[in-house]
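Here's the structure, in structure tokens; my notes come after.
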Amino acid sequence: MEDIEHIPKELKLIDENGVRLDGRRFDELRPIRIEAGVLGRADGSAYVEWGGNKVLAAVYGPREAHPRHLQDPARALVQCRYNMAPFSVSDRKRPGPDRRSVEISKVISEAFSSVIFKEQFPRTSVDIFIEVLQADAGTRCAGLTAAAVAIADAGVPMKDLVTSCASGKIGGVVCLDLNKDEDNFGEADCPMAIVPRTGEIVLLQMDGHLTYDEFQKAMGLSIDAAKRIYDLQRDALRRRYSATVDEILREAAAAPAPSPAPAEVAFDSQLDDLGREGSP
Ligand code: UDP
């Protein structure tokens with residue numbers, strides 16, 4: 001409740017100059033930061049800050065699917081658990097799954113199911129964990145974007161990354177990437193996820209109402225933004241895996257001298273033995 005108490009009754013989410021409450025224009029994203037490989041125990045991981053959202057994704061697999069009766073002899077399962085920490089929202093969130101988190105987990109696992117090369121890993125599962133540490137609307141998009149980087153970080157073969165973004169309508173204007181107040185008091189929110197290389201849409205949801213033209217405009221905004229987010233995802237992976245020539249030389253210099261090859265050791269010990277036999 002306290003979240004909406006500060007909102008005046010006559011709230012203008014976007015003014016006559018097209019400026020939103022947080023100062024953005026209709027086609028501007030909130031600031032996004034992506035880091036790959038932030039957790040030591042998971043096979044792959046990523047952290048995303050997206051406006052006020054803070055989201056961690058961890059990926060395991062492909063690993064033997066449990067319980068065994070779930071195993072598919074022809075392909076891997078792609079399983080996702082989206083979870084919001086109790087402290088992620090201003091009213092404490094009751095821990096554990098609820099209808100919303102089950103729905104989000106399902107749509108995210110379906111989105112990745114269509115890009116991961118599942119047939120290469122029969123009887124296994126790829127397990128995706130998304131933990132929302134702080135929420136400010138658009139957490140499924142931030143979670144999906146983080147999970148895609150985590151899956152790549154885990155080395156799971158897939159067609160391409162998946163990139164996600166939402167657009168909606170506030171004060172009668174179609175806008176990109178709604179924040180919490182805009183999501184609460186706006187007219188519509190439409191999250192989507194795309195495979196940038198093929199243009200395939202792998203997630204599409206709608207909360208509220210948009211006309212056909214508004215929907216087209218919203219999709220146009222999201223698709224444009226997805227290209228920018230895709231670059232950030234790839235940058236995060238590049239930062240994690242690229243090494244400069246300097247770094248390689250520095251590491252080589254710091255490494256201990258290689259121990260002699262086994263054949264040399266054997267030959268040296270034979271010489272020693274001969275020396276001993278020959279000595280009086
Ligand atoms: N939210 C909340 N409590 C909840 C669920 C959601 O405060 O139990 C907030 C949270 O900030 C979330 C926003 O409502 O980001 C919008 O939720 P929605 O279901 O639209 O999903 P999202 O936009 O996060 O993907």
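Ordering of the structure tokens sets the chain letters (A, B, ...); residue numbers start at 1 within each chain; ligands are numbered from 1 in the order shown.
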Contacts of stretch 27-39 of chain A at 7 Å (only C-alpha atoms; same-chain gap of 2+ positions) as a list in words: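 Once the adjacent positions are removed, what remains is Arg24, Arg25, Arg41, Ala42, Gly44, Ser45, Ala46, Tyr47, Val48, Glu49, Trp50, Gly51, Val149, Ala150, Asp153, Cys175, Leu176, Asp177, Leu221, Leu232, Gln233, Ala236, Leu237 and Arg240 of chain A.
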Can you pull out every residue with an atom within 7 Å of ligand 1? Use only C-alpha atoms and all ligand atoms and format it as number ranges by chain. A: 89-91, 93, 100, 135-141, 180, 183
Counting only C-alpha atoms, which residues of stretch 76-193 of chain A fall within 12 Å of stretch 212-217 of chain A, and what is the closest atom pair for each with its distance in Å at one decimal, ordered by chain and rising number, as a tab-separated table?
residue	atom	partner	partner_atom	distance
A:Ala166	CA	A:Phe215	CA	11.4
A:Ser167	CA	A:Lys217	CA	8.9
A:Gly168	CA	A:Phe215	CA	8.5
A:Lys169	CA	A:Glu214	CA	8.2
A:Ile170	CA	A:Glu214	CA	11.5
A:Gly172	CA	A:Glu214	CA	9.6
A:Val173	CA	A:Glu214	CA	8.7
A:Val174	CA	A:Glu214	CA	6.6
A:Cys175	CA	A:Lys217	CA	8.9
A:Leu176	CA	A:Lys217	CA	9.8
A:Glu187	CA	A:Glu214	CA	11.5
A:Ala188	CA	A:Phe215	CA	9.9
A:Asp189	CA	A:Phe215	CA	10.1
A:Cys190	CA	A:Phe215	CA	8.3
A:Pro191	CA	A:Phe215	CA	11.2
A:Met192	CA	A:Phe215	CA	11.5
For atom CA of A:Gln79 and atom CA of A:Ala218, determine how far apart the two atoms are, in Å to one decimal place. 29.1 Å
I need the residue nearest A:Thr145 from this list: A:Ile130, A:Pro97, A:Asp207, A:Arg238. Use only C-alpha atoms for the distance.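 Selected residue with least distance to A:Thr145: A:Ile130.
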With only C-alpha atoms as the counted atoms, please give the residues lying no more than 10 Å from A:Leu161, apart from itself and same-chain residues fewer than 3 positions off, as number ranges by chain. A: 112, 115-116, 144-145, 147-152, 158, 164, 194-197, 230, 233-234
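Distance-wise, atom CA of A:Phe121 and atom CA of A:Pro62 end up 6.8 Å apart.
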Enumerate as a PDB file with N, CA and C atoms, in the first residue's frame all residues of stretch 47-133 of chain A assigned to strand (DSSP E) by DSSP on the backbone, naming them with the chain letters and numbers the document uses.
ATOM      1  N   TYR A  47      24.130 -11.568 -13.775  1.00  0.00           N
ATOM      2  CA  TYR A  47      23.456 -10.607 -12.908  1.00  0.00           C
ATOM      3  C   TYR A  47      23.019  -9.433 -13.781  1.00  0.00           C
ATOM      4  N   VAL A  48      21.776  -9.022 -13.603  1.00  0.00           N
ATOM      5  CA  VAL A  48      21.270  -7.903 -14.403  1.00  0.00           C
ATOM      6  C   VAL A  48      20.680  -6.839 -13.479  1.00  0.00           C
ATOM      7  N   GLU A  49      21.099  -5.599 -13.703  1.00  0.00           N
ATOM      8  CA  GLU A  49      20.427  -4.453 -13.088  1.00  0.00           C
ATOM      9  C   GLU A  49      19.728  -3.729 -14.218  1.00  0.00           C
ATOM     10  N   TRP A  50      18.444  -3.506 -14.047  1.00  0.00           N
ATOM     11  CA  TRP A  50      17.642  -2.919 -15.118  1.00  0.00           C
ATOM     12  C   TRP A  50      16.735  -1.897 -14.447  1.00  0.00           C
ATOM     13  N   ASN A  53      15.338  -2.861 -11.048  1.00  0.00           N
ATOM     14  CA  ASN A  53      15.338  -4.329 -10.916  1.00  0.00           C
ATOM     15  C   ASN A  53      16.757  -4.840 -10.692  1.00  0.00           C
ATOM     16  N   LYS A  54      16.886  -5.819  -9.790  1.00  0.00           N
ATOM     17  CA  LYS A  54      18.168  -6.508  -9.599  1.00  0.00           C
ATOM     18  C   LYS A  54      17.873  -7.998  -9.631  1.00  0.00           C
ATOM     19  N   VAL A  55      18.451  -8.676 -10.610  1.00  0.00           N
ATOM     20  CA  VAL A  55      18.077 -10.071 -10.857  1.00  0.00           C
ATOM     21  C   VAL A  55      19.319 -10.935 -11.070  1.00  0.00           C
ATOM     22  N   LEU A  56      19.321 -12.103 -10.422  1.00  0.00           N
ATOM     23  CA  LEU A  56      20.408 -13.082 -10.596  1.00  0.00           C
ATOM     24  C   LEU A  56      19.866 -14.294 -11.338  1.00  0.00           C
ATOM     25  N   ALA A  57      20.647 -14.836 -12.243  1.00  0.00           N
ATOM     26  CA  ALA A  57      20.239 -16.088 -12.898  1.00  0.00           C
ATOM     27  C   ALA A  57      21.374 -17.093 -12.756  1.00  0.00           C
ATOM     28  N   ALA A  58      21.019 -18.334 -12.410  1.00  0.00           N
ATOM     29  CA  ALA A  58      22.002 -19.425 -12.311  1.00  0.00           C
ATOM     30  C   ALA A  58      21.500 -20.586 -13.151  1.00  0.00           C
ATOM     31  N   VAL A  59      22.422 -21.248 -13.837  1.00  0.00           N
ATOM     32  CA  VAL A  59      22.040 -22.356 -14.721  1.00  0.00           C
ATOM     33  C   VAL A  59      22.888 -23.581 -14.417  1.00  0.00           C
ATOM     34  N   TYR A  60      22.236 -24.740 -14.381  1.00  0.00           N
ATOM     35  CA  TYR A  60      22.934 -26.018 -14.242  1.00  0.00           C
ATOM     36  C   TYR A  60      22.583 -26.897 -15.428  1.00  0.00           C
ATOM     37  N   GLY A  61      23.537 -27.652 -15.912  1.00  0.00           N
ATOM     38  CA  GLY A  61      23.217 -28.646 -16.922  1.00  0.00           C
ATOM     39  C   GLY A  61      23.868 -28.363 -18.260  1.00  0.00           C
ATOM     40  N   PRO A  62      23.551 -29.235 -19.240  1.00  0.00           N
ATOM     41  CA  PRO A  62      22.619 -30.356 -19.140  1.00  0.00           C
ATOM     42  C   PRO A  62      23.143 -31.406 -18.165  1.00  0.00           C
ATOM     43  N   ARG A  63      22.276 -31.832 -17.220  1.00  0.00           N
ATOM     44  CA  ARG A  63      22.651 -32.850 -16.243  1.00  0.00           C
ATOM     45  C   ARG A  63      21.515 -33.873 -16.163  1.00  0.00           C
ATOM     46  N   GLU A  64      21.801 -35.048 -15.620  1.00  0.00           N
ATOM     47  CA  GLU A  64      20.792 -36.118 -15.606  1.00  0.00           C
ATOM     48  C   GLU A  64      19.505 -35.596 -14.959  1.00  0.00           C
ATOM     49  N   LEU A  77      15.110 -31.704 -20.956  1.00  0.00           N
ATOM     50  CA  LEU A  77      14.030 -30.858 -20.431  1.00  0.00           C
ATOM     51  C   LEU A  77      14.626 -29.483 -20.158  1.00  0.00           C
ATOM     52  N   VAL A  78      13.821 -28.459 -20.314  1.00  0.00           N
ATOM     53  CA  VAL A  78      14.288 -27.121 -19.921  1.00  0.00           C
ATOM     54  C   VAL A  78      13.358 -26.668 -18.797  1.00  0.00           C
ATOM     55  N   GLN A  79      13.915 -26.543 -17.602  1.00  0.00           N
ATOM     56  CA  GLN A  79      13.083 -26.224 -16.438  1.00  0.00           C
ATOM     57  C   GLN A  79      13.526 -24.884 -15.852  1.00  0.00           C
ATOM     58  N   CYS A  80      12.555 -24.077 -15.471  1.00  0.00           N
ATOM     59  CA  CYS A  80      12.895 -22.761 -14.922  1.00  0.00           C
ATOM     60  C   CYS A  80      12.152 -22.537 -13.606  1.00  0.00           C
ATOM     61  N   ARG A  81      12.859 -21.951 -12.659  1.00  0.00           N
ATOM     62  CA  ARG A  81      12.183 -21.489 -11.436  1.00  0.00           C
ATOM     63  C   ARG A  81      12.456 -20.001 -11.235  1.00  0.00           C
ATOM     64  N   TYR A  82      11.397 -19.219 -11.420  1.00  0.00           N
ATOM     65  CA  TYR A  82      11.470 -17.765 -11.177  1.00  0.00           C
ATOM     66  C   TYR A  82      11.012 -17.533  -9.751  1.00  0.00           C
ATOM     67  N   ASN A  83      11.784 -16.796  -8.985  1.00  0.00           N
ATOM     68  CA  ASN A  83      11.422 -16.559  -7.581  1.00  0.00           C
ATOM     69  C   ASN A  83      11.712 -15.120  -7.196  1.00  0.00           C
ATOM     70  N   MET A  84      10.791 -14.547  -6.423  1.00  0.00           N
ATOM     71  CA  MET A  84      11.012 -13.177  -5.908  1.00  0.00           C
ATOM     72  C   MET A  84      11.385 -13.279  -4.440  1.00  0.00           C
ATOM     73  N   THR A 124      18.405 -35.560 -20.108  1.00  0.00           N
ATOM     74  CA  THR A 124      18.996 -34.576 -19.183  1.00  0.00           C
ATOM     75  C   THR A 124      18.017 -33.430 -18.941  1.00  0.00           C
ATOM     76  N   SER A 125      18.422 -32.544 -18.050  1.00  0.00           N
ATOM     77  CA  SER A 125      17.651 -31.311 -17.906  1.00  0.00           C
ATOM     78  C   SER A 125      18.588 -30.120 -17.785  1.00  0.00           C
ATOM     79  N   VAL A 126      18.125 -29.012 -18.316  1.00  0.00           N
ATOM     80  CA  VAL A 126      18.819 -27.731 -18.142  1.00  0.00           C
ATOM     81  C   VAL A 126      17.969 -26.959 -17.139  1.00  0.00           C
ATOM     82  N   ASP A 127      18.548 -26.666 -15.985  1.00  0.00           N
ATOM     83  CA  ASP A 127      17.777 -26.034 -14.907  1.00  0.00           C
ATOM     84  C   ASP A 127      18.178 -24.571 -14.765  1.00  0.00           C
ATOM     85  N   ILE A 128      17.176 -23.729 -14.871  1.00  0.00           N
ATOM     86  CA  ILE A 128      17.402 -22.271 -14.834  1.00  0.00           C
ATOM     87  C   ILE A 128      16.760 -21.716 -13.559  1.00  0.00           C
ATOM     88  N   PHE A 129      17.543 -21.015 -12.776  1.00  0.00           N
ATOM     89  CA  PHE A 129      17.014 -20.393 -11.558  1.00  0.00           C
ATOM     90  C   PHE A 129      17.117 -18.882 -11.698  1.00  0.00           C
ATOM     91  N   ILE A 130      15.993 -18.217 -11.500  1.00  0.00           N
ATOM     92  CA  ILE A 130      15.985 -16.745 -11.578  1.00  0.00           C
ATOM     93  C   ILE A 130      15.558 -16.219 -10.218  1.00  0.00           C
ATOM     94  N   GLU A 131      16.422 -15.425  -9.620  1.00  0.00           N
ATOM     95  CA  GLU A 131      16.115 -14.855  -8.299  1.00  0.00           C
ATOM     96  C   GLU A 131      16.005 -13.342  -8.433  1.00  0.00           C
ATOM     97  N   VAL A 132      14.816 -12.836  -8.151  1.00  0.00           N
ATOM     98  CA  VAL A 132      14.618 -11.384  -8.197  1.00  0.00           C
ATOM     99  C   VAL A 132      14.953 -10.832  -6.812  1.00  0.00           C
ATOM    100  N   LEU A 133      16.017 -10.033  -6.757  1.00  0.00           N
ATOM    101  CA  LEU A 133      16.454  -9.483  -5.470  1.00  0.00           C
ATOM    102  C   LEU A 133      15.761  -8.153  -5.196  1.00  0.00           C
TER     103      LEU A 133
END
